[in-house]
$ cat data.pdb   # PDB, C-alpha atoms
MODEL        1
ATOM      1  CA  MET A   1       0.000   0.000   0.000
ATOM      2  CA  LYS A   2       2.569   2.576  -1.025
ATOM      3  CA  MET A   3       1.165   6.006  -1.689
ATOM      4  CA  LYS A   4       1.851   7.352  -5.106
ATOM      5  CA  LEU A   5       4.398  10.176  -5.241
ATOM      6  CA  TRP A   6       2.026  12.766  -6.685
ATOM      7  CA  LEU A   7      -0.533  12.059  -3.983
ATOM      8  CA  ASN A   8       1.538  13.556  -1.136
ATOM      9  CA  PRO A   9       1.598  17.163  -2.367
ATOM     10  CA  ALA A  10      -2.028  16.833  -3.425
ATOM     11  CA  ILE A  11      -3.060  15.867   0.113
ATOM     12  CA  ILE A  12      -0.979  18.694   1.575
ATOM     13  CA  ILE A  13      -2.614  21.205  -0.776
ATOM     14  CA  LEU A  14      -6.066  19.830   0.046
ATOM     15  CA  VAL A  15      -5.428  20.093   3.797
ATOM     16  CA  PHE A  16      -4.059  23.631   3.361
ATOM     17  CA  MET A  17      -7.153  24.654   1.361
ATOM     18  CA  LEU A  18      -9.456  23.219   4.018
ATOM     19  CA  VAL A  19      -7.637  25.018   6.841
ATOM     20  CA  ASN A  20      -7.595  28.251   4.879
ATOM     21  CA  ALA A  21     -11.269  27.950   4.029
ATOM     22  CA  SER A  22     -12.215  27.396   7.666
ATOM     23  CA  GLY A  23     -10.079  30.404   8.597
ATOM     24  CA  ASN A  24     -11.970  32.527   6.114
ATOM     25  CA  LEU A  25     -15.190  31.150   7.441
ATOM     26  CA  ARG A  26     -14.216  32.223  10.921
ATOM     27  CA  VAL A  27     -13.565  35.743   9.699
ATOM     28  CA  HIS A  28     -16.779  35.971   7.749
ATOM     29  CA  CYS A  29     -18.837  34.603  10.585
ATOM     30  CA  SER A  30     -17.661  37.294  12.965
ATOM     31  CA  PRO A  31     -20.539  37.583  15.426
ATOM     32  CA  GLU A  32     -20.070  41.312  16.096
ATOM     33  CA  THR A  33     -22.912  42.532  13.925
ATOM     34  CA  SER A  34     -25.393  39.985  15.165
ATOM     35  CA  THR A  35     -24.612  40.289  18.890
ATOM     36  CA  ASN A  36     -24.426  44.058  19.345
ATOM     37  CA  GLY A  37     -26.342  45.462  16.411
ATOM     38  CA  GLY A  38     -23.149  46.632  14.667
ATOM     39  CA  VAL A  39     -22.082  48.921  17.512
ATOM     40  CA  GLU A  40     -18.435  47.835  17.276
ATOM     41  CA  GLU A  41     -18.389  48.439  13.534
ATOM     42  CA  ALA A  42     -19.938  51.896  14.021
ATOM     43  CA  ARG A  43     -17.389  52.686  16.757
ATOM     44  CA  VAL A  44     -14.474  51.699  14.526
ATOM     45  CA  LYS A  45     -15.831  53.900  11.733
ATOM     46  CA  PHE A  46     -16.323  56.729  14.227
ATOM     47  CA  TRP A  47     -12.698  56.418  15.408
ATOM     48  CA  GLU A  48     -11.569  56.526  11.793
ATOM     49  CA  ALA A  49     -13.586  59.721  11.220
ATOM     50  CA  TYR A  50     -12.300  61.227  14.475
ATOM     51  CA  ASN A  51      -8.685  60.478  13.567
ATOM     52  CA  ALA A  52      -9.211  62.057  10.133
ATOM     53  CA  THR A  53     -10.667  65.165  11.816
ATOM     54  CA  VAL A  54      -7.689  65.412  14.180
ATOM     55  CA  GLU A  55      -5.359  65.175  11.199
ATOM     56  CA  ALA A  56      -7.317  67.843   9.294
ATOM     57  CA  GLU A  57      -7.157  70.170  12.300
ATOM     58  CA  ARG A  58      -3.420  69.551  12.580
ATOM     59  CA  ASP A  59      -3.144  70.629   8.935
ATOM     60  CA  GLY A  60      -4.849  73.911   9.819
ATOM     61  CA  ALA A  61      -8.430  73.141   8.770
ATOM     62  CA  GLU A  62     -11.441  74.653  10.563
ATOM     63  CA  VAL A  63     -13.144  71.494  11.842
ATOM     64  CA  GLY A  64     -16.235  72.852  13.632
ATOM     65  CA  GLU A  65     -18.647  71.353  11.098
ATOM     66  CA  ALA A  66     -16.873  67.982  11.148
ATOM     67  CA  VAL A  67     -16.995  67.893  14.962
ATOM     68  CA  LYS A  68     -20.779  68.514  14.862
ATOM     69  CA  LYS A  69     -21.188  65.523  12.552
ATOM     70  CA  LEU A  70     -18.894  63.448  14.760
ATOM     71  CA  ASN A  71     -20.972  64.234  17.834
ATOM     72  CA  ASN A  72     -24.159  63.260  15.997
ATOM     73  CA  ALA A  73     -22.519  59.994  14.929
ATOM     74  CA  LEU A  74     -21.397  59.411  18.522
ATOM     75  CA  ASP A  75     -24.916  60.063  19.851
ATOM     76  CA  TYR A  76     -26.267  57.412  17.481
ATOM     77  CA  VAL A  77     -23.614  54.922  18.589
ATOM     78  CA  LEU A  78     -24.400  55.516  22.265
ATOM     79  CA  GLN A  79     -28.138  55.195  21.659
ATOM     80  CA  ALA A  80     -27.550  52.008  19.647
ATOM     81  CA  GLN A  81     -25.403  50.636  22.459
ATOM     82  CA  HIS A  82     -28.204  51.341  24.921
ATOM     83  CA  LEU A  83     -30.795  49.669  22.694
ATOM     84  CA  ALA A  84     -28.541  46.665  22.058
ATOM     85  CA  MET A  85     -28.151  46.208  25.816
ATOM     86  CA  GLN A  86     -31.942  46.196  26.113
ATOM     87  CA  GLY A  87     -32.147  43.612  23.333
ATOM     88  CA  ASP A  88     -33.649  45.850  20.643
ATOM     89  CA  MET A  89     -31.211  44.788  17.913
ATOM     90  CA  GLU A  90     -33.320  46.004  15.022
ATOM     91  CA  HIS A  91     -33.375  49.633  16.114
ATOM     92  CA  ALA A  92     -29.780  49.412  17.294
ATOM     93  CA  PHE A  93     -28.754  48.256  13.836
ATOM     94  CA  LEU A  94     -30.610  51.170  12.190
ATOM     95  CA  LEU A  95     -28.882  53.655  14.470
ATOM     96  CA  THR A  96     -25.457  52.158  13.851
ATOM     97  CA  GLN A  97     -26.051  52.389  10.100
ATOM     98  CA  ALA A  98     -26.965  56.070  10.503
ATOM     99  CA  SER A  99     -23.832  56.568  12.585
ATOM    100  CA  ILE A 100     -21.644  54.854   9.973
ATOM    101  CA  GLN A 101     -23.207  57.066   7.288
ATOM    102  CA  LEU A 102     -22.382  60.191   9.327
ATOM    103  CA  SER A 103     -18.837  59.005   9.980
ATOM    104  CA  GLU A 104     -18.340  58.423   6.256
ATOM    105  CA  GLU A 105     -19.700  61.907   5.526
ATOM    106  CA  THR A 106     -17.239  63.274   8.084
ATOM    107  CA  LEU A 107     -14.387  61.471   6.350
ATOM    108  CA  VAL A 108     -15.323  63.103   3.027
ATOM    109  CA  LEU A 109     -15.768  66.481   4.733
ATOM    110  CA  THR A 110     -12.352  66.309   6.392
ATOM    111  CA  GLN A 111     -10.725  65.639   3.022
ATOM    112  CA  GLU A 112     -12.419  68.766   1.626
ATOM    113  CA  LEU A 113     -11.429  70.797   4.683
ATOM    114  CA  LYS A 114      -7.832  69.641   4.372
ATOM    115  CA  GLN A 115      -7.789  70.701   0.727
ATOM    116  CA  GLN A 116      -9.289  74.093   1.614
ATOM    117  CA  ALA A 117      -6.736  74.577   4.375
ATOM    118  CA  GLU A 118      -3.916  73.737   1.992
ATOM    119  CA  ASN A 119      -5.197  76.257  -0.584
ATOM    120  CA  LEU A 120      -5.588  78.901   2.105
ATOM    121  CA  ARG A 121      -2.069  78.262   3.388
ATOM    122  CA  TYR A 122      -0.682  78.579  -0.151
ATOM    123  CA  THR A 123      -2.573  81.848  -0.790
ATOM    124  CA  ARG A 124      -1.479  83.223   2.585
ATOM    125  CA  SER A 125       2.161  82.426   1.994
ATOM    126  CA  ILE A 126       2.026  84.190  -1.408
ATOM    127  CA  ILE A 127       0.341  87.236   0.169
ATOM    128  CA  TYR A 128       2.947  87.298   2.950
ATOM    129  CA  ILE A 129       5.788  87.161   0.412
ATOM    130  CA  ILE A 130       4.252  89.979  -1.683
ATOM    131  CA  ILE A 131       3.668  92.150   1.406
ATOM    132  CA  SER A 132       7.207  91.494   2.650
ATOM    133  CA  ILE A 133       8.748  92.472  -0.704
ATOM    134  CA  ALA A 134       6.532  95.592  -0.922
ATOM    135  CA  LEU A 135       7.520  96.614   2.616
ATOM    136  CA  LEU A 136      11.180  96.022   1.844
ATOM    137  CA  ILE A 137      11.022  98.208  -1.267
ATOM    138  CA  LEU A 138       9.126 100.869   0.685
ATOM    139  CA  CYS A 139      11.738 100.828   3.448
ATOM    140  CA  ILE A 140      14.615 101.116   0.983
ATOM    141  CA  CYS A 141      12.909 103.990  -0.882
ATOM    142  CA  ALA A 142      12.056 105.782   2.364
ATOM    143  CA  PHE A 143      15.591 105.375   3.632
ATOM    144  CA  PHE A 144      17.302 106.735   0.510
ATOM    145  CA  ILE A 145      14.789 109.569  -0.029
ATOM    146  CA  GLY A 146      15.101 110.521   3.636
ATOM    147  CA  ARG A 147      18.872 110.470   3.438
ATOM    148  CA  ARG A 148      18.820 112.700   0.304
ATOM    149  CA  MET A 149      16.418 115.153   1.978
ATOM    150  CA  TRP A 150      18.576 115.233   5.114
ATOM    151  CA  LYS A 151      21.697 115.905   3.033
ATOM    152  CA  ARG A 152      19.968 118.698   1.119
ATOM    153  CA  ARG A 153      18.858 120.245   4.389
ATOM    154  CA  GLN A 154      22.373 120.082   5.786
ATOM    155  CA  GLN A 155      23.814 121.627   2.627
ATOM    156  CA  LYS A 156      21.233 124.428   2.748
ATOM    157  CA  LYS A 157      22.083 125.061   6.390
ATOM    158  CA  PHE A 158      25.794 125.175   5.520
ATOM    159  CA  MET A 159      25.161 127.562   2.618
ATOM    160  CA  ASP A 160      23.028 129.824   4.829
ATOM    161  CA  MET A 161      25.839 129.918   7.386
ATOM    162  CA  ARG A 162      28.360 130.861   4.666
ATOM    163  CA  VAL A 163      26.040 133.581   3.319
ATOM    164  CA  LYS A 164      25.521 134.942   6.814
ATOM    165  CA  GLY A 165      29.279 134.833   7.438
ATOM    166  CA  THR A 166      29.978 136.760   4.188
ATOM    167  CA  VAL A 167      27.384 139.378   5.009
ATOM    168  CA  GLY A 168      28.811 139.782   8.507
ATOM    169  CA  SER A 169      32.407 140.257   7.270
ATOM    170  CA  GLU A 170      31.338 143.004   4.893
TER     171      GLU A 170
ATOM    172  CA  MET B   1      38.262 110.685  -6.612
ATOM    173  CA  SER B   2      38.198 111.198  -2.842
ATOM    174  CA  SER B   3      34.554 112.241  -2.874
ATOM    175  CA  ASP B   4      33.766 109.091  -4.905
ATOM    176  CA  LYS B   5      35.479 107.001  -2.228
ATOM    177  CA  MET B   6      33.471 108.724   0.480
ATOM    178  CA  GLY B   7      30.326 108.052  -1.483
ATOM    179  CA  GLU B   8      31.158 104.335  -1.660
ATOM    180  CA  GLU B   9      31.849 104.204   2.072
ATOM    181  CA  GLU B  10      28.653 106.062   2.841
ATOM    182  CA  LYS B  11      26.674 103.666   0.668
ATOM    183  CA  THR B  12      28.166 100.638   2.425
ATOM    184  CA  VAL B  13      27.308 102.098   5.824
ATOM    185  CA  ALA B  14      23.825 102.967   4.637
ATOM    186  CA  VAL B  15      23.173  99.447   3.349
ATOM    187  CA  ALA B  16      24.492  97.930   6.599
ATOM    188  CA  VAL B  17      22.303 100.219   8.727
ATOM    189  CA  LEU B  18      19.296  99.524   6.532
ATOM    190  CA  SER B  19      19.850  95.749   6.762
ATOM    191  CA  ALA B  20      20.140  95.978  10.534
ATOM    192  CA  ILE B  21      16.915  97.996  10.734
ATOM    193  CA  ILE B  22      15.068  95.481   8.538
ATOM    194  CA  VAL B  23      16.316  92.502  10.558
ATOM    195  CA  LEU B  24      15.396  94.167  13.879
ATOM    196  CA  ALA B  25      11.978  95.209  12.563
ATOM    197  CA  SER B  26      11.310  91.668  11.328
ATOM    198  CA  LEU B  27      12.269  90.211  14.707
ATOM    199  CA  LEU B  28      10.076  92.730  16.497
ATOM    200  CA  VAL B  29       7.070  91.975  14.279
ATOM    201  CA  TYR B  30       7.627  88.222  14.670
ATOM    202  CA  THR B  31       7.814  88.548  18.459
ATOM    203  CA  LEU B  32       4.665  90.666  18.579
ATOM    204  CA  LEU B  33       2.684  88.372  16.295
ATOM    205  CA  THR B  34       3.741  85.071  17.887
ATOM    206  CA  PRO B  35       1.431  84.260  20.810
ATOM    207  CA  VAL B  36       2.950  83.071  24.071
ATOM    208  CA  PRO B  37       2.639  79.253  24.152
ATOM    209  CA  GLN B  38       0.294  78.041  26.877
ATOM    210  CA  LYS B  39       0.484  74.776  28.724
ATOM    211  CA  PRO B  40      -2.344  72.557  27.413
ATOM    212  CA  PHE B  41      -4.811  71.279  29.970
ATOM    213  CA  VAL B  42      -8.255  69.782  30.494
ATOM    214  CA  SER B  43     -10.384  70.177  33.566
ATOM    215  CA  ILE B  44     -13.498  68.656  35.063
ATOM    216  CA  TYR B  45     -15.757  70.100  37.744
ATOM    217  CA  TYR B  46     -19.284  69.822  39.106
ATOM    218  CA  LEU B  47     -21.874  72.382  40.163
ATOM    219  CA  ASN B  48     -25.104  72.083  42.091
ATOM    220  CA  SER B  49     -28.546  71.864  40.466
ATOM    221  CA  GLU B  50     -28.589  75.656  40.091
ATOM    222  CA  LYS B  51     -25.214  75.626  38.347
ATOM    223  CA  LYS B  52     -23.501  77.219  41.343
ATOM    224  CA  ALA B  53     -20.422  76.085  43.238
ATOM    225  CA  GLU B  54     -22.206  76.060  46.600
ATOM    226  CA  ASN B  55     -24.820  74.112  48.566
ATOM    227  CA  TYR B  56     -23.814  70.725  47.272
ATOM    228  CA  PRO B  57     -25.760  67.730  48.528
ATOM    229  CA  GLU B  58     -24.026  66.335  51.621
ATOM    230  CA  LEU B  59     -26.550  64.565  53.822
ATOM    231  CA  LEU B  60     -29.062  62.385  52.010
ATOM    232  CA  VAL B  61     -32.016  60.668  53.652
ATOM    233  CA  LEU B  62     -33.275  57.477  52.041
ATOM    234  CA  GLY B  63     -36.724  57.938  50.593
ATOM    235  CA  GLU B  64     -36.636  61.703  51.068
ATOM    236  CA  ASN B  65     -33.832  63.436  49.203
ATOM    237  CA  ASN B  66     -31.687  60.545  48.043
ATOM    238  CA  THR B  67     -32.090  61.627  44.408
ATOM    239  CA  PHE B  68     -30.111  64.685  43.423
ATOM    240  CA  LEU B  69     -28.972  66.532  40.329
ATOM    241  CA  LEU B  70     -25.504  67.855  39.552
ATOM    242  CA  TRP B  71     -24.057  69.670  36.573
ATOM    243  CA  VAL B  72     -20.755  68.324  35.341
ATOM    244  CA  GLY B  73     -18.474  70.575  33.302
ATOM    245  CA  VAL B  74     -15.478  69.713  31.153
ATOM    246  CA  GLU B  75     -13.112  72.297  29.665
ATOM    247  CA  ASN B  76     -10.753  71.572  26.799
ATOM    248  CA  PHE B  77      -7.684  73.793  26.513
ATOM    249  CA  MET B  78      -5.456  71.212  24.852
ATOM    250  CA  GLY B  79      -5.015  73.298  21.693
ATOM    251  CA  LYS B  80      -6.844  70.683  19.607
ATOM    252  CA  ILE B  81     -10.088  68.731  19.499
ATOM    253  CA  GLU B  82     -10.463  66.051  22.149
ATOM    254  CA  TYR B  83     -12.746  63.034  22.272
ATOM    255  CA  SER B  84     -13.518  62.926  25.972
ATOM    256  CA  SER B  85     -15.313  60.513  28.222
ATOM    257  CA  VAL B  86     -16.571  61.239  31.730
ATOM    258  CA  LEU B  87     -16.888  58.191  33.972
ATOM    259  CA  VAL B  88     -19.023  58.506  37.089
ATOM    260  CA  LYS B  89     -18.103  56.011  39.802
ATOM    261  CA  VAL B  90     -19.409  55.528  43.296
ATOM    262  CA  SER B  91     -17.173  54.123  46.000
ATOM    263  CA  ASN B  92     -17.420  53.781  49.772
ATOM    264  CA  GLY B  93     -14.542  56.209  50.176
ATOM    265  CA  THR B  94     -11.867  53.747  51.216
ATOM    266  CA  GLY B  95     -10.714  52.555  47.819
ATOM    267  CA  GLN B  96      -8.068  53.917  45.497
ATOM    268  CA  VAL B  97      -8.741  57.024  43.441
ATOM    269  CA  ASP B  98      -7.026  58.709  40.478
ATOM    270  CA  PRO B  99      -8.265  56.552  38.807
ATOM    271  CA  SER B 100     -10.656  54.430  40.807
ATOM    272  CA  PRO B 101     -10.760  50.721  39.902
ATOM    273  CA  ALA B 102     -14.544  50.693  40.458
ATOM    274  CA  ASP B 103     -16.860  50.072  37.516
ATOM    275  CA  PRO B 104     -18.505  53.241  36.222
ATOM    276  CA  ASP B 105     -22.174  53.795  37.049
ATOM    277  CA  HIS B 106     -22.579  56.246  34.188
ATOM    278  CA  SER B 107     -20.461  57.328  31.248
ATOM    279  CA  PHE B 108     -20.765  60.311  28.935
ATOM    280  CA  GLU B 109     -18.844  60.940  25.727
ATOM    281  CA  LYS B 110     -18.370  63.953  23.478
ATOM    282  CA  VAL B 111     -15.901  65.389  20.991
ATOM    283  CA  LEU B 112     -14.846  68.835  22.199
ATOM    284  CA  LEU B 113     -13.408  71.645  20.129
ATOM    285  CA  ASP B 114     -10.403  73.524  21.457
ATOM    286  CA  LYS B 115     -11.427  75.992  24.213
ATOM    287  CA  GLU B 116     -14.892  74.441  24.365
ATOM    288  CA  THR B 117     -16.746  73.856  27.614
ATOM    289  CA  TRP B 118     -19.152  70.943  27.834
ATOM    290  CA  GLY B 119     -21.742  70.924  30.571
ATOM    291  CA  PHE B 120     -24.346  68.258  31.192
ATOM    292  CA  PRO B 121     -26.746  67.340  34.006
ATOM    293  CA  ILE B 122     -26.606  64.061  35.846
ATOM    294  CA  THR B 123     -29.285  62.724  38.143
ATOM    295  CA  MET B 124     -28.194  60.177  40.713
ATOM    296  CA  THR B 125     -30.005  58.135  43.340
ATOM    297  CA  MET B 126     -28.256  56.708  46.366
ATOM    298  CA  ASN B 127     -29.967  53.612  47.733
ATOM    299  CA  GLN B 128     -27.492  52.463  50.363
ATOM    300  CA  THR B 129     -26.749  54.045  53.686
ATOM    301  CA  GLY B 130     -23.237  55.010  54.701
ATOM    302  CA  ASN B 131     -20.466  57.235  53.447
ATOM    303  CA  HIS B 132     -20.133  57.380  49.706
ATOM    304  CA  ARG B 133     -17.786  59.135  47.368
ATOM    305  CA  VAL B 134     -19.007  60.041  43.877
ATOM    306  CA  LEU B 135     -16.050  60.295  41.518
ATOM    307  CA  PHE B 136     -16.021  62.062  38.188
ATOM    308  CA  GLU B 137     -13.082  60.992  36.036
ATOM    309  CA  LEU B 138     -12.099  62.482  32.700
ATOM    310  CA  TRP B 139     -10.637  60.144  30.078
ATOM    311  CA  LEU B 140      -9.292  61.270  26.706
ATOM    312  CA  PHE B 141      -9.160  59.258  23.512
ATOM    313  CA  ASP B 142      -5.711  58.422  22.161
ATOM    314  CA  GLU B 143      -5.954  58.491  18.370
ATOM    315  CA  PHE B 144      -2.786  56.416  17.957
ATOM    316  CA  GLU B 145      -3.825  53.580  20.264
ATOM    317  CA  ASN B 146      -7.594  53.892  19.700
ATOM    318  CA  ILE B 147      -8.273  53.659  23.428
ATOM    319  CA  PHE B 148      -9.290  56.052  26.191
ATOM    320  CA  ILE B 149      -6.455  57.128  28.450
ATOM    321  CA  TYR B 150      -6.936  58.599  31.921
ATOM    322  CA  SER B 151      -6.293  62.364  31.851
ATOM    323  CA  ARG B 152      -5.505  62.616  35.580
ATOM    324  CA  SER B 153      -8.335  65.130  35.894
ATOM    325  CA  TRP B 154     -10.976  64.163  38.393
ATOM    326  CA  CYS B 155     -13.184  65.522  41.147
ATOM    327  CA  SER B 156     -15.302  63.935  43.825
ATOM    328  CA  LEU B 157     -18.253  64.574  46.094
ATOM    329  CA  TRP B 158     -18.640  63.075  49.583
ATOM    330  CA  LEU B 159     -22.115  62.005  50.604
ATOM    331  CA  ASP B 160     -23.515  60.708  53.853
ATOM    332  CA  VAL B 161     -26.632  58.621  53.326
ATOM    333  CA  ILE B 162     -28.807  57.840  56.338
ATOM    334  CA  GLU B 163     -32.147  56.139  56.916
ATOM    335  CA  SER B 164     -35.207  58.260  57.537
TER     336      SER B 164
ENDMDL
END

$ encode --input "data.pdb" --output "structure tokens"
Amino acid sequence: MKMKLWLNPAIIILVFMLVNASGNLRVHCSPETSTNGGVEEARVKFWEAYNATVEAERDGAEVGEAVKKLNNALDYVLQAQHLAMQGDMEHAFLLTQASIQLSEETLVLTQELKQQAENLRYTRSIIYIIISIALLILCICAFFIGRRMWKRRQQKKFMDMRVKGTVGSE
Amino acid sequence: MSSDKMGEEEKTVAVAVLSAIIVLASLLVYTLLTPVPQKPFVSIYYLNSEKKAENYPELLVLGENNTFLLWVGVENFMGKIEYSSVLVKVSNGTGQVDPSPADPDHSFEKVLLDKETWGFPITMTMNQTGNHRVLFELWLFDEFENIFIYSRSWCSLWLDVIES
């Protein structure tokens, strides 16, 4: 009863496929959604949206609107959690879906806010450069014109003194 | 030739003085426009039912005034938004605090903008006689770890509950 040579790898592959398939099955049969009405999923999405908002704020975006949406999403998650604890999975699921929707909207909004902030920063830096150059030119002009006026005044003073001196000697 | 040389010297001095003035002016403007950095902090506090820091409930009588209302306030001065959680715990006053290992009786969560104050009412009922300590702990969300971390900000209220 010797096993044929080609049969060994075939059995190994078959066993590997079975193990892999059961692994996938485990992942797909994650009981989260069924046991807590999708609260965990909604929380994870909320964290993702929150992290994106933090990042947008760090980039200089005005995140007031995003935070409002986040708080609405959070309210839905907390309500869903409460309902899930009472056993009302159907309503909990609806609320978590609404929360996920809001979190996704927040993610889109934060991207827009980040883009706006970047544009604003670019425009500001250009304005600052233009103002700096204009001020520099103004300073240089003021300095040289002032110096010329001061010199002229000094010369006039000197000439007046000479004229006075000449008149006095006569 | 000599006057030309003087002119050159004068120009050099003028440019040097002008450069110095520009550099000093820039530094001055920068200093004036840059705000003084503040140490970031969060705080938590409670007020009585009339939102005043006085006449807190102290002595509760079972069946008479053992239900009370407090206003809890949280201030965010961290310089950024904060996802905060307030845990309300009740202990008999002998256990560890900061943070207390007791399970929270209530929890409240909100995302706060920078410099935002969040106030909310909480109604509590004490059903057991004895000395109790109501603890309000503030936890902040860590966006890197995706968990709440204790902020070391807390406050507590001592209550004496007696039978009627």

$ resolve_selection --input "data.pdb" --expression "the PyMOL selection byres ((chain B) within 7 of (chain A))" --output "number ranges by chain"
B: 81, 110-111, 143

$ residues_around --input "data.pdb" --residues "range 69-73 of chain B" --least-positions-apart "6" --cutoff "10 Å" --atoms "all atoms listed in the file" --output "PDB file with C-alpha atoms, keeping the file's coordinate frame"
ATOM      1  CA  SER B  43     -10.384  70.177  33.566  1.00  0.00           C
ATOM      2  CA  ILE B  44     -13.498  68.656  35.063  1.00  0.00           C
ATOM      3  CA  TYR B  45     -15.757  70.100  37.744  1.00  0.00           C
ATOM      4  CA  TYR B  46     -19.284  69.822  39.106  1.00  0.00           C
ATOM      5  CA  LEU B  47     -21.874  72.382  40.163  1.00  0.00           C
ATOM      6  CA  ASN B  48     -25.104  72.083  42.091  1.00  0.00           C
ATOM      7  CA  SER B  49     -28.546  71.864  40.466  1.00  0.00           C
ATOM      8  CA  GLU B  50     -28.589  75.656  40.091  1.00  0.00           C
ATOM      9  CA  LYS B  51     -25.214  75.626  38.347  1.00  0.00           C
ATOM     10  CA  LYS B  52     -23.501  77.219  41.343  1.00  0.00           C
ATOM     11  CA  ALA B  53     -20.422  76.085  43.238  1.00  0.00           C
ATOM     12  CA  TYR B  56     -23.814  70.725  47.272  1.00  0.00           C
ATOM     13  CA  PRO B  57     -25.760  67.730  48.528  1.00  0.00           C
ATOM     14  CA  VAL B  86     -16.571  61.239  31.730  1.00  0.00           C
ATOM     15  CA  THR B 117     -16.746  73.856  27.614  1.00  0.00           C
ATOM     16  CA  TRP B 118     -19.152  70.943  27.834  1.00  0.00           C
ATOM     17  CA  GLY B 119     -21.742  70.924  30.571  1.00  0.00           C
ATOM     18  CA  PHE B 120     -24.346  68.258  31.192  1.00  0.00           C
ATOM     19  CA  PRO B 121     -26.746  67.340  34.006  1.00  0.00           C
ATOM     20  CA  ILE B 122     -26.606  64.061  35.846  1.00  0.00           C
ATOM     21  CA  THR B 123     -29.285  62.724  38.143  1.00  0.00           C
ATOM     22  CA  MET B 124     -28.194  60.177  40.713  1.00  0.00           C
ATOM     23  CA  THR B 125     -30.005  58.135  43.340  1.00  0.00           C
ATOM     24  CA  PHE B 136     -16.021  62.062  38.188  1.00  0.00           C
ATOM     25  CA  CYS B 155     -13.184  65.522  41.147  1.00  0.00           C
TER      26      CYS B 155
END

$ atom_distance --input "data.pdb" --atom1 "CA of Ser103 in chain A" --atom2 "CA of Gln79 in chain A"
15.4 Å

$ resolve_selection --input "data.pdb" --expression "the PyMOL selection byres ((chain B and resi 37) around 12)" --output "list of chain:residue names"
B:Thr34, B:Pro35, B:Val36, B:Gln38, B:Lys39, B:Pro40, B:Phe77, B:Met78, B:Gly79

$ write_last_selection --input "data.pdb" --atoms "C-alpha atoms" --output "compact mmCIF listing (two decimals), in the coordinates of the input"
# COMPACT_ATOMS: atom_id res chain seq x y z
CA THR B 34 3.74 85.07 17.89
CA PRO B 35 1.43 84.26 20.81
CA VAL B 36 2.95 83.07 24.07
CA GLN B 38 0.29 78.04 26.88
CA LYS B 39 0.48 74.78 28.72
CA PRO B 40 -2.34 72.56 27.41
CA PHE B 77 -7.68 73.79 26.51
CA MET B 78 -5.46 71.21 24.85
CA GLY B 79 -5.01 73.30 21.69

$ resolve_selection --input "data.pdb" --expression "the PyMOL selection byres ((chain B and resi 93) around 12)" --output "JSON, numbers by chain"
{"B": [89, 90, 91, 92, 94, 95, 96, 97, 100, 102, 130, 131, 132, 133, 134, 135, 156, 157, 158, 159, 160]}

$ write_last_selection --input "data.pdb" --atoms "C-alpha atoms" --output "mmCIF file, in the frame of the given file"
data_model
loop_
_atom_site.group_PDB
_atom_site.id
_atom_site.type_symbol
_atom_site.label_atom_id
_atom_site.label_comp_id
_atom_site.auth_asym_id
_atom_site.auth_seq_id
_atom_site.Cartn_x
_atom_site.Cartn_y
_atom_site.Cartn_z
ATOM 1 C CA LYS B 89 -18.103 56.011 39.802
ATOM 2 C CA VAL B 90 -19.409 55.528 43.296
ATOM 3 C CA SER B 91 -17.173 54.123 46.000
ATOM 4 C CA ASN B 92 -17.420 53.781 49.772
ATOM 5 C CA THR B 94 -11.867 53.747 51.216
ATOM 6 C CA GLY B 95 -10.714 52.555 47.819
ATOM 7 C CA GLN B 96 -8.068 53.917 45.497
ATOM 8 C CA VAL B 97 -8.741 57.024 43.441
ATOM 9 C CA SER B 100 -10.656 54.430 40.807
ATOM 10 C CA ALA B 102 -14.544 50.693 40.458
ATOM 11 C CA GLY B 130 -23.237 55.010 54.701
ATOM 12 C CA ASN B 131 -20.466 57.235 53.447
ATOM 13 C CA HIS B 132 -20.133 57.380 49.706
ATOM 14 C CA ARG B 133 -17.786 59.135 47.368
ATOM 15 C CA VAL B 134 -19.007 60.041 43.877
ATOM 16 C CA LEU B 135 -16.050 60.295 41.518
ATOM 17 C CA SER B 156 -15.302 63.935 43.825
ATOM 18 C CA LEU B 157 -18.253 64.574 46.094
ATOM 19 C CA TRP B 158 -18.640 63.075 49.583
ATOM 20 C CA LEU B 159 -22.115 62.005 50.604
ATOM 21 C CA ASP B 160 -23.515 60.708 53.853
#

$ atom_distance --input "data.pdb" --atom1 "CA of Met149 in chain A" --atom2 "CA of Ser19 in chain B"
20.3 Å

$ closest_residue --input "data.pdb" --among "A:Ser125, A:Gln116, A:Asn36, A:Gln111" --to "His91 in chain A" --atoms "all atoms listed in the file"
A:Asn36

$ atom_distance --input "data.pdb" --atom1 "CA of Val161 in chain B" --atom2 "CA of Val88 in chain B"
17.9 Å

$ closest_residue --input "data.pdb" --among "B:Ala20, B:Leu32, B:Leu113, B:Val42" --to "Val74 in chain B" --atoms "all atoms listed in the file"
B:Val42

$ residues_near_point --input "data.pdb" --point "(-21.6, 52.5, 13.3)" --cutoff "9 Å" --atoms "only C-alpha atoms" --output "PyMOL selection string"
chain A and resi 38-46+73-74+76-77+80+93+95-103

$ closest_residue --input "data.pdb" --among "B:Leu28, B:Leu33, B:Met126, B:Val17" --to "Asp105 in chain B" --atoms "all atoms listed in the file"
B:Met126

$ closest_residue --input "data.pdb" --among "A:Ala56, A:Ala49, A:Gly37, A:Ile126" --to "Ala84 in chain A" --atoms "all atoms listed in the file"
A:Gly37

$ residues_around --input "data.pdb" --residues "Phe148 in chain B" --least-positions-apart "2" --cutoff "12 Å" --atoms "all atoms listed in the file" --output "count of residues only"
20
